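Engineer: Structure below; questions to follow.
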Amino acid sequence: MLRTRLKTILVAFTILVTLVIICGLGIGVYSYFSLERELSSKLESKKFLIPTEFYATPPTYYPHSLILASDIEKQLTRQNYRRREYDQRLLPGDYFLASPEQCSARLQQTLDEQQENCIGWVTHETPVASADSSIQVVVIQKDNMVSKIYRGAPFEEASEAFGEAPLLAQYIGNEPLMQKTVSLGEVPTTCSNAIMAIEDAQFLEHGGVSIRGMGRALLKNITSGRKAQGGSTITQQLVKNYFLTSERTLKRKFNEFIMSILLESRFSKDQILETYLNIIYMGQNGAFQVRGYGSASRYYFNKDLTDLDLSECSLLASIVNSPGLFNPFKRPVNAERRRHLVLEKMTDQGFITAAQAQEADRKPLPGQPQSLASETAPYYLDAVRKQLVAQGLNPDGLKIFTALDLEAQELAQESLGAHLDRLEKNNKYLAGLKAKGNNLEGIVLVGNNKSGLISVVVGGRNYRMTQFNRAIDGHRQVGSIMKPFVYLTALLNNNEDGQPFTPVSILHDEKFTHKYQGQSWSPDNYGKKYFGDVPMFYALKNSLNASTAALGLQVGLGNIVDVTHLAGATSELKALPAMTLGAFEMYPREVLQTYMTLANLGNKQSISFIRKALNSDGQEVFVHTPHPEQVLDTAATSSLVSMMKQTILSGSARSITANGFYNPAAGKTGTTSDNRDAWFAGFTPYLTAVVWVGYDNNTPHKLTGSNGAVPVWTQFMKKFGTRFPAEDFAWPETTKKVELDQSTLERLNAFKENDPPNVELIFDAAKVPSGF
């Protein structure tokens with residue numbers, strides 16, 4: 001009976017084991033084919049990493065701007081342009097630098113003795129068939145001014161010349177990275193040998209996993225008492241980095257083992273190595289991951305991968321193991337030690353000779369790369385994404401050519417940061433607020449008046465500290481930068497006597513009380529000082545509240561709202577008396593849009609952060625095409641702009657000229673009544689720039705537009721605005737230029753100590769009052 005029971009138990013156990021084996025085999029077979037489908041789908045579709053690519057705007061050159069030919073040449077050589085002789089044919093990626101005589105011969109144009117040289121190029125992106133007709137030539141005088149720009153063949157004068165659009169950033173979803181996909185044919189053999197020597201010496205021999213390598217690593221780890229060596233092959237590293245998560249479980253290790261074998265059975269060694277070299281993590285550039293050898297070569301050496309030598313290839317192979325530990329910029333000793341090890345391995349395995357290793361080992365490590373606008377460029381990219389989404393486009397996977405000028409962004413970032421640092425250091429009140437945890441913030445927005453393209457978005461001091469984009473999403477009271485629209489409304493209308501308003505129309509600057517809807521409103525001038533009867537231009541340039549408010553009530557609050565909306569404002573504006581002094585909120589981008597309309601003398605040019613966007617098939621899904629619309633009377637707007645020029649020459653922003661920016665410009669300071677916001681919006685015929693300074697929590701800072709925002713605008717424009725011609729606004733034929741001398745100014749009560757003795761104003765030719 002016992003024997004029968006034992007037999008029954010044995011049969012049951014056998015059945016159970018058989019079932020377990022069958023289930024295990026079933027699970028194993030299912031896992032095998034499941035993993036195979038996942039692997040095949042992902043690799044065969046080539047969906048390794050599909051980033052959204054952002055390109056900055058190309059360097060742009062204009063006649064009458066200042067530049068050295070050597071500076072243009074540096075920009076070209078940084079982007080791997082090849083120098084040719086002046087009389088050779090240029091292909092895409094070629095340039096020449098020539099003397100005046102050589103320039104004349106190439107251009108078939110006579111150049112005068114004032115010319116210093118010329119430089120010509122064909123951009124990389126130009127099709128070979130279009131190379132001859134796409135040559136751009138910049139002619140530069142001895143005083144470093146661009147005299148002429150030609151585009152040819154045959155050569156004709158052009159209004160501008162463009163360089164290459166640099167790749168700015170790449171994203172996978174919201175994750176920033178740098179990645180440049182390369183083919184295995186672009187990888188120097190030295191680089192391939194270096195990575196195999198240090199990471200997987202048996203790569204060409206094993207079937208995905210190396211039992212010998214795993215055993216050697218296990219023995220090394222046991223004898224050292226720590227994890228001193230890994231046993232993963234290149235294939236396993238690819239699987240781990242691309243298919244699997246970083247969790248450390250037996251299931252993940254099992255999947256890694258199986259998928260590595262599957263990968264080797266389905267794809268060639270070349271395909272595996274190429275994919276590995278394109279996706280491996282190679283370090284961090286600020287907020288951006290550096291992925292793959294293509295981007296690593298550019299980041300660490302500022303070279304294309306094809307141009308790397310043995311020393312550089314061995315350093316890249318060193319970095320792979322631990323990009324943080326072997327970072328040549330931050331851990332140079334570690335990097336040199338690891339590079340030495342890689343060279344030893346390459347020598348031992350016969351890839352190089354001992355002499356070659358010694359020569360490569362003696363070479364210095366690369367220097368730290370220059371990173372333009374790294375603290376604030378993400379604010380710009382945030383603006384780009386929001387524009388695409390607002391237009392119903394998904395940014396993911398697009399190639400986006402932005403209008404971001406990296407150098408201008410860097411200058412704006414520096415100008416804002418340095419000024420805020422000085423304020424928090426030297427202003428006792430602000431220093432006290434900082435000690436309590438309040439950080440003074442600011443924004444800078446800059447746009448090109450003719451194209452509508454926005455070249456600068458500084459949304460705060462540092463994106464890593466705070467991602468709130470004040471330049472795009474900040475809704476702040478605008479204060480006195482609203483006043484120009486009060487005066488423009490007047491210039492478009494007549495006064496109570498039926499006479500047209502002009503820059504010299506007299507306003508009453510005195511304290512008054514206005515009653516409406518059961519309320520009383522009595523605006524005060526800054527410092528509670530009043531000036532009596534003054535002309536309009538004087539009231540505007542000195543930002544007088546009482547006279548401006550009285551004018552606004554006279555011309556009609558609803559009319560002011562309409563004019564402001566025509567100029568480009570989109571926020572709701574309520575027709576209340578205080579709106580004449582800017583007691584309402586707008587987005588900084590609205591301020592930029594409205595002031596660009598003024599800069600264009602009433603021509604509204606829609607703004608954009610994007611020049612064009614392409615999908616993965618290279619098709620354009622968005623193109624910014626300038627479509628200017630005359631929304632405001634040109635003569636009236638010209639009169640206003642001439643009045644706003646006085647703000648800079650002798651008004652509330654006179655420190656601009658005192659501190660060295662002399663190009664013709666116009667603008668307006670803005671300070672809210674409670675000193676929570678400081679603004680300056682100003683423009684030249686070419687550029688409009690808006691600056692705001694304040695606290696995110698609305699703490700009063702006791703700054704004005706003059707001392708809070710104007711210094712930032714001034715420093716930026718001294719460095720960037722001076723690159724454009726120092727030309728005045730192109731006043732229309734329907735206007736008349738009138739110069740007021742000192743005696744006329746005194747008669748108008750518009751001359752005070754230290755004011756200039758002459759003032760130039762623009763009038764509508766049909767509205768010039770008698771005596772002027």
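Residue numbering restarts at 1 for every chain of the structure tokens, chains are lettered A, B, ... in their displayed order, and ligands are numbered from 1 as they appear.
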Which neighbours of Asn663 (chain A) fall inside 12 Å, counting only C-alpha atoms, when residues of the same chain fewer than 6 positions from it are skipped, and could you give them as a PyMOL selection string?

Structural biologist: chain A and resi 645+648-649+656-657+682-687+714+717-729

Engineer: Rank A:Phe680, A:Tyr95, A:Tyr299, A:Phe763 by their smallest atom-to-atom distance to Ser505 (chain A), using only C-alpha atoms, and report the top residue only.

Structural biologist: A:Phe763

Engineer: Excluding Met643 (chain A) and any residue of its chain fewer than 6 positions from it, enumerate the residues within 7 Å of it, using only C-alpha atoms, and give them as a PyMOL selection string.

Structural biologist: chain A and resi 503+537+541+761

Engineer: Store the residues picked out above in a file with all heavy atoms, as a PDB file, in the first residue's frame.

Structural biologist:
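selection.pdb written:
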```pdb
ATOM      1  N   PRO A 503       2.460 117.930 -32.383  1.00  0.00           N
ATOM      2  CA  PRO A 503       3.440 117.816 -31.297  1.00  0.00           C
ATOM      3  C   PRO A 503       3.559 119.057 -30.416  1.00  0.00           C
ATOM      4  O   PRO A 503       4.045 118.959 -29.282  1.00  0.00           O
ATOM      5  CB  PRO A 503       4.750 117.530 -32.039  1.00  0.00           C
ATOM      6  CG  PRO A 503       4.322 116.850 -33.294  1.00  0.00           C
ATOM      7  CD  PRO A 503       3.045 117.530 -33.682  1.00  0.00           C
ATOM      8  N   PHE A 537       4.770 117.282 -26.962  1.00  0.00           N
ATOM      9  CA  PHE A 537       6.019 116.518 -26.999  1.00  0.00           C
ATOM     10  C   PHE A 537       6.740 116.605 -25.654  1.00  0.00           C
ATOM     11  O   PHE A 537       7.387 115.647 -25.228  1.00  0.00           O
ATOM     12  CB  PHE A 537       6.918 117.006 -28.149  1.00  0.00           C
ATOM     13  CG  PHE A 537       7.752 118.219 -27.855  1.00  0.00           C
ATOM     14  CD1 PHE A 537       9.003 118.106 -27.266  1.00  0.00           C
ATOM     15  CD2 PHE A 537       7.285 119.497 -28.168  1.00  0.00           C
ATOM     16  CE1 PHE A 537       9.777 119.228 -26.987  1.00  0.00           C
ATOM     17  CE2 PHE A 537       8.051 120.611 -27.901  1.00  0.00           C
ATOM     18  CZ  PHE A 537       9.296 120.490 -27.309  1.00  0.00           C
ATOM     19  N   LYS A 541       7.756 113.365 -23.345  1.00  0.00           N
ATOM     20  CA  LYS A 541       9.153 113.014 -23.094  1.00  0.00           C
ATOM     21  C   LYS A 541       9.472 112.995 -21.605  1.00  0.00           C
ATOM     22  O   LYS A 541      10.341 112.258 -21.149  1.00  0.00           O
ATOM     23  CB  LYS A 541      10.103 113.965 -23.826  1.00  0.00           C
ATOM     24  CG  LYS A 541      10.312 115.322 -23.172  1.00  0.00           C
ATOM     25  CD  LYS A 541      11.467 116.082 -23.791  1.00  0.00           C
ATOM     26  CE  LYS A 541      11.758 117.359 -23.023  1.00  0.00           C
ATOM     27  NZ  LYS A 541      12.987 118.029 -23.489  1.00  0.00           N
ATOM     28  N   LEU A 761      11.214 117.950 -34.760  1.00  0.00           N
ATOM     29  CA  LEU A 761       9.950 117.223 -34.692  1.00  0.00           C
ATOM     30  C   LEU A 761       9.390 117.006 -36.091  1.00  0.00           C
ATOM     31  O   LEU A 761       9.712 117.760 -37.025  1.00  0.00           O
ATOM     32  CB  LEU A 761       8.931 117.989 -33.852  1.00  0.00           C
ATOM     33  CG  LEU A 761       9.257 118.145 -32.358  1.00  0.00           C
ATOM     34  CD1 LEU A 761       8.335 119.162 -31.713  1.00  0.00           C
ATOM     35  CD2 LEU A 761       9.178 116.804 -31.647  1.00  0.00           C
TER      36      LEU A 761
END
```

Engineer: In Å to one decimal, how far is CA of Tyr150 (chain A) from CA of Val137 (chain A)?

Structural biologist: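 Interatomic distance, CA of Val137 (chain A) to CA of Tyr150 (chain A): 5.1 Å.
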
Engineer: DSSP on the backbone: what in region 256-464 of chain A comes out helix (DSSP H, G or I), as a ChimeraX atom specification?

Structural biologist: /A:256-266,269-279,292-301,305-307,310-321,332-348,354-362,377-390,406-426,428-435

Engineer: Mind listing the strand (DSSP E or B) residues of region 595-665 of chain A, per DSSP on the backbone, as a ChimeraX atom specification?

Structural biologist: /A:603-604,608,610-614,620-623,629-630
